[in-house]
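Q: run-v1.pdb is reproduced in full below (PDB, C-alpha atoms).
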```pdb
ATOM      1  CA  MET A 889       3.633  16.944 -28.171  1.00  0.00           C
ATOM      2  CA  ALA A 890       5.002  20.434 -28.752  1.00  0.00           C
ATOM      3  CA  PHE A 891       3.242  22.900 -31.039  1.00  0.00           C
ATOM      4  CA  ILE A 892       5.604  22.370 -33.970  1.00  0.00           C
ATOM      5  CA  GLY A 893       5.310  18.613 -33.556  1.00  0.00           C
ATOM      6  CA  ILE A 894       1.533  18.945 -33.723  1.00  0.00           C
ATOM      7  CA  MET A 895       1.720  21.189 -36.795  1.00  0.00           C
ATOM      8  CA  ARG A 896       4.080  18.800 -38.579  1.00  0.00           C
ATOM      9  CA  GLY A 897       2.778  15.442 -37.382  1.00  0.00           C
ATOM     10  CA  MET A 898      -0.966  15.886 -36.990  1.00  0.00           C
ATOM     11  CA  PHE A 899      -1.622  18.526 -39.635  1.00  0.00           C
ATOM     12  CA  GLY A 900       1.185  17.870 -42.123  1.00  0.00           C
ATOM     13  CA  VAL A 901       2.427  21.477 -42.164  1.00  0.00           C
ATOM     14  CA  THR A 902       5.750  21.176 -43.988  1.00  0.00           C
ATOM     15  CA  SER A 903       7.096  24.676 -43.377  1.00  0.00           C
ATOM     16  CA  GLY A 904       6.556  27.423 -40.847  1.00  0.00           C
ATOM     17  CA  ILE A 905       7.819  29.992 -38.387  1.00  0.00           C
ATOM     18  CA  VAL A 906       6.563  30.519 -34.875  1.00  0.00           C
ATOM     19  CA  ASP A 907       7.664  33.964 -33.677  1.00  0.00           C
ATOM     20  CA  ALA A 908       7.737  34.512 -29.927  1.00  0.00           C
ATOM     21  CA  GLY A 909       8.592  38.192 -29.730  1.00  0.00           C
ATOM     22  CA  GLY A 910      11.725  37.915 -31.853  1.00  0.00           C
ATOM     23  CA  ASP A 911      12.761  34.467 -30.671  1.00  0.00           C
ATOM     24  CA  MET A 912      11.541  31.869 -33.108  1.00  0.00           C
ATOM     25  CA  SER A 913      11.243  28.282 -34.147  1.00  0.00           C
ATOM     26  CA  VAL A 914      11.513  27.543 -37.848  1.00  0.00           C
ATOM     27  CA  TRP A 915      11.004  24.361 -39.794  1.00  0.00           C
ATOM     28  CA  SER A 916      10.878  23.447 -43.435  1.00  0.00           C
ATOM     29  CA  ASP A 917      10.841  20.181 -45.336  1.00  0.00           C
ATOM     30  CA  ILE A 918      10.959  22.148 -48.570  1.00  0.00           C
ATOM     31  CA  LYS A 919      12.914  25.368 -48.959  1.00  0.00           C
ATOM     32  CA  PRO A 920      15.019  26.880 -46.136  1.00  0.00           C
ATOM     33  CA  TRP A 921      14.017  30.154 -44.525  1.00  0.00           C
ATOM     34  CA  VAL A 922      16.231  33.215 -44.942  1.00  0.00           C
ATOM     35  CA  ILE A 923      16.926  34.654 -41.481  1.00  0.00           C
ATOM     36  CA  GLY A 924      18.779  37.940 -40.966  1.00  0.00           C
ATOM     37  CA  ILE A 925      20.843  38.845 -37.909  1.00  0.00           C
ATOM     38  CA  GLN A 926      20.461  42.551 -37.165  1.00  0.00           C
ATOM     39  CA  ASP A 927      23.471  44.754 -36.432  1.00  0.00           C
ATOM     40  CA  PRO A 928      23.269  45.875 -32.773  1.00  0.00           C
ATOM     41  CA  TYR A 929      24.807  49.231 -33.668  1.00  0.00           C
ATOM     42  CA  ASN A 930      22.588  49.995 -36.682  1.00  0.00           C
ATOM     43  CA  GLU A 931      19.061  48.542 -36.854  1.00  0.00           C
ATOM     44  CA  ASP A 932      18.953  49.125 -40.619  1.00  0.00           C
ATOM     45  CA  GLU A 933      21.943  46.839 -41.239  1.00  0.00           C
ATOM     46  CA  ILE A 934      22.161  43.045 -41.311  1.00  0.00           C
ATOM     47  CA  VAL A 935      25.309  41.360 -39.947  1.00  0.00           C
ATOM     48  CA  ALA A 936      24.558  37.986 -41.555  1.00  0.00           C
ATOM     49  CA  ARG A 937      21.930  36.263 -43.672  1.00  0.00           C
ATOM     50  CA  LEU A 938      21.395  32.589 -43.038  1.00  0.00           C
ATOM     51  CA  LEU A 939      19.491  29.731 -44.648  1.00  0.00           C
ATOM     52  CA  VAL A 940      17.744  27.766 -41.897  1.00  0.00           C
ATOM     53  CA  ARG A 941      15.586  24.631 -42.148  1.00  0.00           C
ATOM     54  CA  ASN A 942      15.014  23.530 -38.552  1.00  0.00           C
ATOM     55  CA  ALA A 943      16.069  25.459 -35.460  1.00  0.00           C
ATOM     56  CA  GLY A 944      15.096  27.436 -32.434  1.00  0.00           C
ATOM     57  CA  ILE A 945      16.673  30.887 -32.735  1.00  0.00           C
ATOM     58  CA  ALA A 946      17.007  33.642 -30.139  1.00  0.00           C
ATOM     59  CA  THR A 947      18.921  36.901 -30.015  1.00  0.00           C
ATOM     60  CA  SER A 948      19.766  38.860 -26.880  1.00  0.00           C
ATOM     61  CA  ASN A 949      21.687  42.088 -26.728  1.00  0.00           C
ATOM     62  CA  THR A 950      22.698  44.643 -24.154  1.00  0.00           C
ATOM     63  CA  SER A 951      21.969  47.753 -26.223  1.00  0.00           C
ATOM     64  CA  TYR A 952      18.293  47.402 -27.138  1.00  0.00           C
ATOM     65  CA  ARG A 953      16.875  47.636 -23.615  1.00  0.00           C
ATOM     66  CA  SER A 954      19.387  49.908 -21.947  1.00  0.00           C
ATOM     67  CA  TRP A 955      19.338  53.182 -20.059  1.00  0.00           C
ATOM     68  CA  SER A 956      21.662  55.584 -18.267  1.00  0.00           C
ATOM     69  CA  MET A 957      21.585  56.884 -14.735  1.00  0.00           C
ATOM     70  CA  GLY A 958      24.170  59.589 -14.332  1.00  0.00           C
ATOM     71  CA  ASP A 959      27.360  58.341 -15.940  1.00  0.00           C
ATOM     72  CA  VAL A 960      26.455  54.647 -15.591  1.00  0.00           C
ATOM     73  CA  GLN A 961      24.923  52.602 -18.430  1.00  0.00           C
ATOM     74  CA  TYR A 962      22.564  49.738 -17.486  1.00  0.00           C
ATOM     75  CA  HIS A 963      20.756  47.049 -19.474  1.00  0.00           C
ATOM     76  CA  HIS A 964      18.125  44.384 -18.863  1.00  0.00           C
ATOM     77  CA  ILE A 965      20.358  41.287 -18.778  1.00  0.00           C
ATOM     78  CA  LEU A 966      21.206  40.740 -15.134  1.00  0.00           C
ATOM     79  CA  HIS A 967      24.033  38.658 -13.736  1.00  0.00           C
ATOM     80  CA  GLY A 968      22.522  36.132 -11.340  1.00  0.00           C
ATOM     81  CA  HIS A 969      25.333  36.378  -8.798  1.00  0.00           C
ATOM     82  CA  THR A 970      25.346  40.165  -8.508  1.00  0.00           C
ATOM     83  CA  GLY A 971      21.840  41.258  -9.509  1.00  0.00           C
ATOM     84  CA  ASN A 972      23.463  43.999 -11.606  1.00  0.00           C
ATOM     85  CA  SER A 973      23.560  44.410 -15.377  1.00  0.00           C
ATOM     86  CA  ALA A 974      25.940  41.782 -16.731  1.00  0.00           C
ATOM     87  CA  GLU A 975      29.373  43.086 -17.716  1.00  0.00           C
ATOM     88  CA  SER A 976      30.905  41.273 -20.660  1.00  0.00           C
ATOM     89  CA  ASP A 977      32.485  42.007 -24.014  1.00  0.00           C
ATOM     90  CA  ILE A 978      29.472  40.561 -25.864  1.00  0.00           C
ATOM     91  CA  ILE A 979      26.928  43.142 -26.981  1.00  0.00           C
ATOM     92  CA  GLN A 980      24.766  40.644 -28.908  1.00  0.00           C
ATOM     93  CA  ALA A 981      24.383  36.867 -29.013  1.00  0.00           C
ATOM     94  CA  THR A 982      22.242  34.878 -31.409  1.00  0.00           C
ATOM     95  CA  ALA A 983      21.853  31.231 -30.428  1.00  0.00           C
ATOM     96  CA  PHE A 984      20.664  28.307 -32.563  1.00  0.00           C
ATOM     97  CA  ALA A 985      19.369  25.208 -30.801  1.00  0.00           C
ATOM     98  CA  SER A 986      16.797  22.444 -31.098  1.00  0.00           C
ATOM     99  CA  SER A 987      14.151  24.694 -29.501  1.00  0.00           C
ATOM    100  CA  ALA A 988      13.498  28.407 -29.095  1.00  0.00           C
ATOM    101  CA  THR A 989      13.451  27.928 -25.316  1.00  0.00           C
ATOM    102  CA  GLU A 990      16.963  26.466 -25.280  1.00  0.00           C
ATOM    103  CA  ALA A 991      18.176  29.167 -27.681  1.00  0.00           C
ATOM    104  CA  GLU A 992      16.717  31.942 -25.475  1.00  0.00           C
ATOM    105  CA  VAL A 993      18.446  30.656 -22.342  1.00  0.00           C
ATOM    106  CA  ALA A 994      21.724  30.231 -24.221  1.00  0.00           C
ATOM    107  CA  ALA A 995      21.615  33.713 -25.789  1.00  0.00           C
ATOM    108  CA  LYS A 996      21.190  35.340 -22.366  1.00  0.00           C
ATOM    109  CA  VAL A 997      23.974  33.256 -20.814  1.00  0.00           C
ATOM    110  CA  LEU A 998      26.304  34.105 -23.709  1.00  0.00           C
ATOM    111  CA  CYS A 999      25.750  37.828 -23.047  1.00  0.00           C
ATOM    112  CA  ILE A1000      26.477  37.306 -19.354  1.00  0.00           C
ATOM    113  CA  LEU A1001      29.619  35.168 -19.684  1.00  0.00           C
ATOM    114  CA  GLY A1002      31.625  37.018 -22.311  1.00  0.00           C
ATOM    115  CA  THR A1003      33.960  35.509 -24.896  1.00  0.00           C
ATOM    116  CA  ASP A1004      36.692  34.480 -22.458  1.00  0.00           C
ATOM    117  CA  GLN A1005      34.311  32.051 -20.690  1.00  0.00           C
ATOM    118  CA  VAL A1006      32.152  30.870 -23.593  1.00  0.00           C
ATOM    119  CA  GLY A1007      34.257  27.999 -24.950  1.00  0.00           C
ATOM    120  CA  SER A1008      34.596  25.595 -22.070  1.00  0.00           C
ATOM    121  CA  TRP A1009      31.287  26.384 -20.367  1.00  0.00           C
ATOM    122  CA  PHE A1010      29.205  26.001 -23.521  1.00  0.00           C
ATOM    123  CA  ASN A1011      31.009  22.863 -24.651  1.00  0.00           C
ATOM    124  CA  GLN A1012      30.048  21.299 -21.329  1.00  0.00           C
ATOM    125  CA  HIS A1013      26.445  22.581 -21.000  1.00  0.00           C
ATOM    126  CA  PHE A1014      25.293  23.226 -24.597  1.00  0.00           C
ATOM    127  CA  PRO A1015      27.562  21.025 -26.746  1.00  0.00           C
ATOM    128  CA  THR A1016      25.359  21.230 -29.866  1.00  0.00           C
ATOM    129  CA  LEU A1017      24.521  24.934 -29.659  1.00  0.00           C
ATOM    130  CA  GLY A1018      25.347  27.168 -32.621  1.00  0.00           C
ATOM    131  CA  PHE A1019      25.941  30.867 -32.113  1.00  0.00           C
ATOM    132  CA  ILE A1020      26.902  34.201 -33.613  1.00  0.00           C
ATOM    133  CA  LEU A1021      28.418  36.646 -31.139  1.00  0.00           C
ATOM    134  CA  ILE A1022      29.090  40.316 -31.660  1.00  0.00           C
ATOM    135  CA  ARG A1023      31.599  41.846 -29.306  1.00  0.00           C
ATOM    136  CA  GLN A1024      31.552  45.457 -28.195  1.00  0.00           C
ATOM    137  CA  ASP A1025      34.521  46.131 -30.489  1.00  0.00           C
ATOM    138  CA  GLY A1026      32.431  44.927 -33.483  1.00  0.00           C
ATOM    139  CA  GLU A1027      34.188  41.584 -33.964  1.00  0.00           C
ATOM    140  CA  VAL A1028      31.832  38.811 -35.076  1.00  0.00           C
ATOM    141  CA  ILE A1029      32.469  35.320 -33.673  1.00  0.00           C
ATOM    142  CA  ILE A1030      30.758  32.266 -35.164  1.00  0.00           C
ATOM    143  CA  ASN A1031      31.157  28.772 -33.754  1.00  0.00           C
ATOM    144  CA  ARG A1032      31.282  25.764 -36.056  1.00  0.00           C
ATOM    145  CA  ASN A1033      28.116  24.232 -34.548  1.00  0.00           C
ATOM    146  CA  LEU A1034      26.172  26.949 -36.361  1.00  0.00           C
ATOM    147  CA  LEU A1035      26.586  24.802 -39.478  1.00  0.00           C
ATOM    148  CA  ASN A1036      24.353  22.152 -37.833  1.00  0.00           C
ATOM    149  CA  TYR A1037      21.483  24.645 -38.074  1.00  0.00           C
ATOM    150  CA  ALA A1038      22.215  27.117 -40.855  1.00  0.00           C
ATOM    151  CA  ILE A1039      24.167  27.967 -43.959  1.00  0.00           C
ATOM    152  CA  ILE A1040      25.704  31.437 -44.077  1.00  0.00           C
ATOM    153  CA  MET A1041      24.720  33.247 -47.274  1.00  0.00           C
ATOM    154  CA  GLU A1042      27.322  35.171 -49.207  1.00  0.00           C
ATOM    155  CA  GLU A1043      26.592  38.908 -49.487  1.00  0.00           C
TER     156      GLU A1043
END
```
Hey, can you dump this file as C-alpha cells for me?

A:
Amino acid sequence: MAFIGIMRGMFGVTSGIVDAGGDMSVWSDIKPWVIGIQDPYNEDEIVARLLVRNAGIATSNTSYRSWSMGDVQYHHILHGHTGNSAESDIIQATAFASSATEAEVAAKVLCILGTDQVGSWFNQHFPTLGFILIRQDGEVIINRNLLNYAIIMEE
C-alpha cells in the first residue's frame, strides 16, 4: 500500500500534502487545497490558482535549472534521442495525474515534446492526464482533463 493509502486507510488522515521537492501528492476528504502555479518568467507571480482535492502534481520547466556556455543556452531536461537539452516551445509544464510519479514523468515529457506533438501522443499514453503548459511566447494552454483534478480559481 502506498504512503497516502496508509495515511488514509490505516490512520484515517482525511487531508494532507506530501511534498517531494516541489512535486506533490495532495488529498482531502474535506476542503480542497489551494495550489498555485508559479510564473516561469517571474517567481513572484502566480499564473493560476487551483482548488485540488486528490492528485499527483509535478511542474518541470526549462528556465529554472539552465545555464549558458558561450552563446548557447542549456537546461537540465534532456532529450533521450539526442542527449542534448530538449528543444521545444514549452518553457513550463505542470501535470496532474493519479500519482506524483506519473505527473513527474508527464511534466518532463511535455517539456520535451512541445505543443505540436502533445495532443496525439498524450491522448494515447496518458489519456487521463491534466496539464497546464506555458509556451516560450507566454501563451498558457490548459487541457480539459485538468478539470478531473482541479477547479481553476477566478483571480

Q: Of the candidates A:Gly924, A:Gly958, A:Gly1026, A:Gly1018, which shows the shortest atom-to-atom distance to Ala943 (chain A), using all atoms listed in the file?

A: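 For Ala943 (chain A), the nearest of the given residues is A:Gly1018.
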
Q: I want to know what sits within 9 Å of region 981-987 of chain A, based on only C-alpha atoms, with residues of the same chain fewer than 5 positions away left out; could you give that as a VMD selection string?

A: chain A and resid 912 to 913 925 942 to 949 992 to 999 1014 1016 to 1023 1033 to 1034 1036 to 1038

Q: Could you turn the residues from that selection into a file that holds C-alpha atoms, as a CSV table (one decimal), in the frame of the given file?

A:
```csv
chain,number,residue,atom,x,y,z
A,912,MET,CA,11.5,31.9,-33.1
A,913,SER,CA,11.2,28.3,-34.1
A,925,ILE,CA,20.8,38.8,-37.9
A,942,ASN,CA,15.0,23.5,-38.6
A,943,ALA,CA,16.1,25.5,-35.5
A,944,GLY,CA,15.1,27.4,-32.4
A,945,ILE,CA,16.7,30.9,-32.7
A,946,ALA,CA,17.0,33.6,-30.1
A,947,THR,CA,18.9,36.9,-30.0
A,948,SER,CA,19.8,38.9,-26.9
A,949,ASN,CA,21.7,42.1,-26.7
A,992,GLU,CA,16.7,31.9,-25.5
A,993,VAL,CA,18.4,30.7,-22.3
A,994,ALA,CA,21.7,30.2,-24.2
A,995,ALA,CA,21.6,33.7,-25.8
A,996,LYS,CA,21.2,35.3,-22.4
A,997,VAL,CA,24.0,33.3,-20.8
A,998,LEU,CA,26.3,34.1,-23.7
A,999,CYS,CA,25.8,37.8,-23.0
A,1014,PHE,CA,25.3,23.2,-24.6
A,1016,THR,CA,25.4,21.2,-29.9
A,1017,LEU,CA,24.5,24.9,-29.7
A,1018,GLY,CA,25.3,27.2,-32.6
A,1019,PHE,CA,25.9,30.9,-32.1
A,1020,ILE,CA,26.9,34.2,-33.6
A,1021,LEU,CA,28.4,36.6,-31.1
A,1022,ILE,CA,29.1,40.3,-31.7
A,1023,ARG,CA,31.6,41.8,-29.3
A,1033,ASN,CA,28.1,24.2,-34.5
A,1034,LEU,CA,26.2,26.9,-36.4
A,1036,ASN,CA,24.4,22.2,-37.8
A,1037,TYR,CA,21.5,24.6,-38.1
A,1038,ALA,CA,22.2,27.1,-40.9
```

Q: Please write out, as AutoDock Vina command-line options, where the centre of an axis-aligned box around all listed atoms of region 1012-1016 of chain A lies and how long its edges are, in Å to one decimal, after adding 6 Å on each side.

A:
```
--center_x 27.7 --center_y 22.1 --center_z -25.4 --size_x 16.8 --size_y 14.2 --size_z 20.9
```

Q: I would like the residues chosen by the PyMOL selection byres ((chain A and resi 920) around 12) on the shown file; could you give them as a list in words?

A: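 When the PyMOL selection byres ((chain A and resi 920) around 12) is applied, the selected residues are Thr902, Ser903, Gly904, Ile905, Val914, Trp915, Ser916, Asp917, Ile918, Lys919, Trp921, Val922, Ile923, Arg937, Leu938, Leu939, Val940, Arg941, Asn942, Ala943, Tyr1037, Ala1038, Ile1039, Ile1040 and Met1041 of chain A.
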
Q: May I ask for the distance between CA of Asn1011 (chain A) and CA of Val1028 (chain A), given in Å to one decimal place?

A: 19.1 Å

Q: Env of Ala890 (chain A): 12 Å cut, atoms = only C-alpha atoms, seq-sep filter 6 positions within chain, self excluded. Answer as a ChimeraX atom specification.

A: /A:896-898,906,913,987-989

Q: Can you tell me how far CA of Asn1031 (chain A) sits from CA of Phe891 (chain A), in Å to one decimal?

A: 28.7 Å

Q: Distance CA of Asp959 (chain A)-CA of Asp1004 (chain A), one decimal place?

A: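 Going from CA of Asp959 (chain A) over to CA of Asp1004 (chain A), I get 26.4 Å.
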
Q: Compare A:Ile978, A:Glu990, A:His1013, A:Ala936 by their minimum atom-to-atom distance to Glu1042 (chain A), counting all atoms listed in the file, and give me the closest one.

A: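 Of A:Ile978, A:Glu990, A:His1013, A:Ala936, the one nearest Glu1042 (chain A), counting all atoms listed in the file, is A:Ala936.
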
Q: Using all atoms listed in the file, can you list as a ChimeraX atom specification the residues within 12 Å of (19.6, 46.3, -36.8)?

A: /A:924-936,947,949,951-952,980
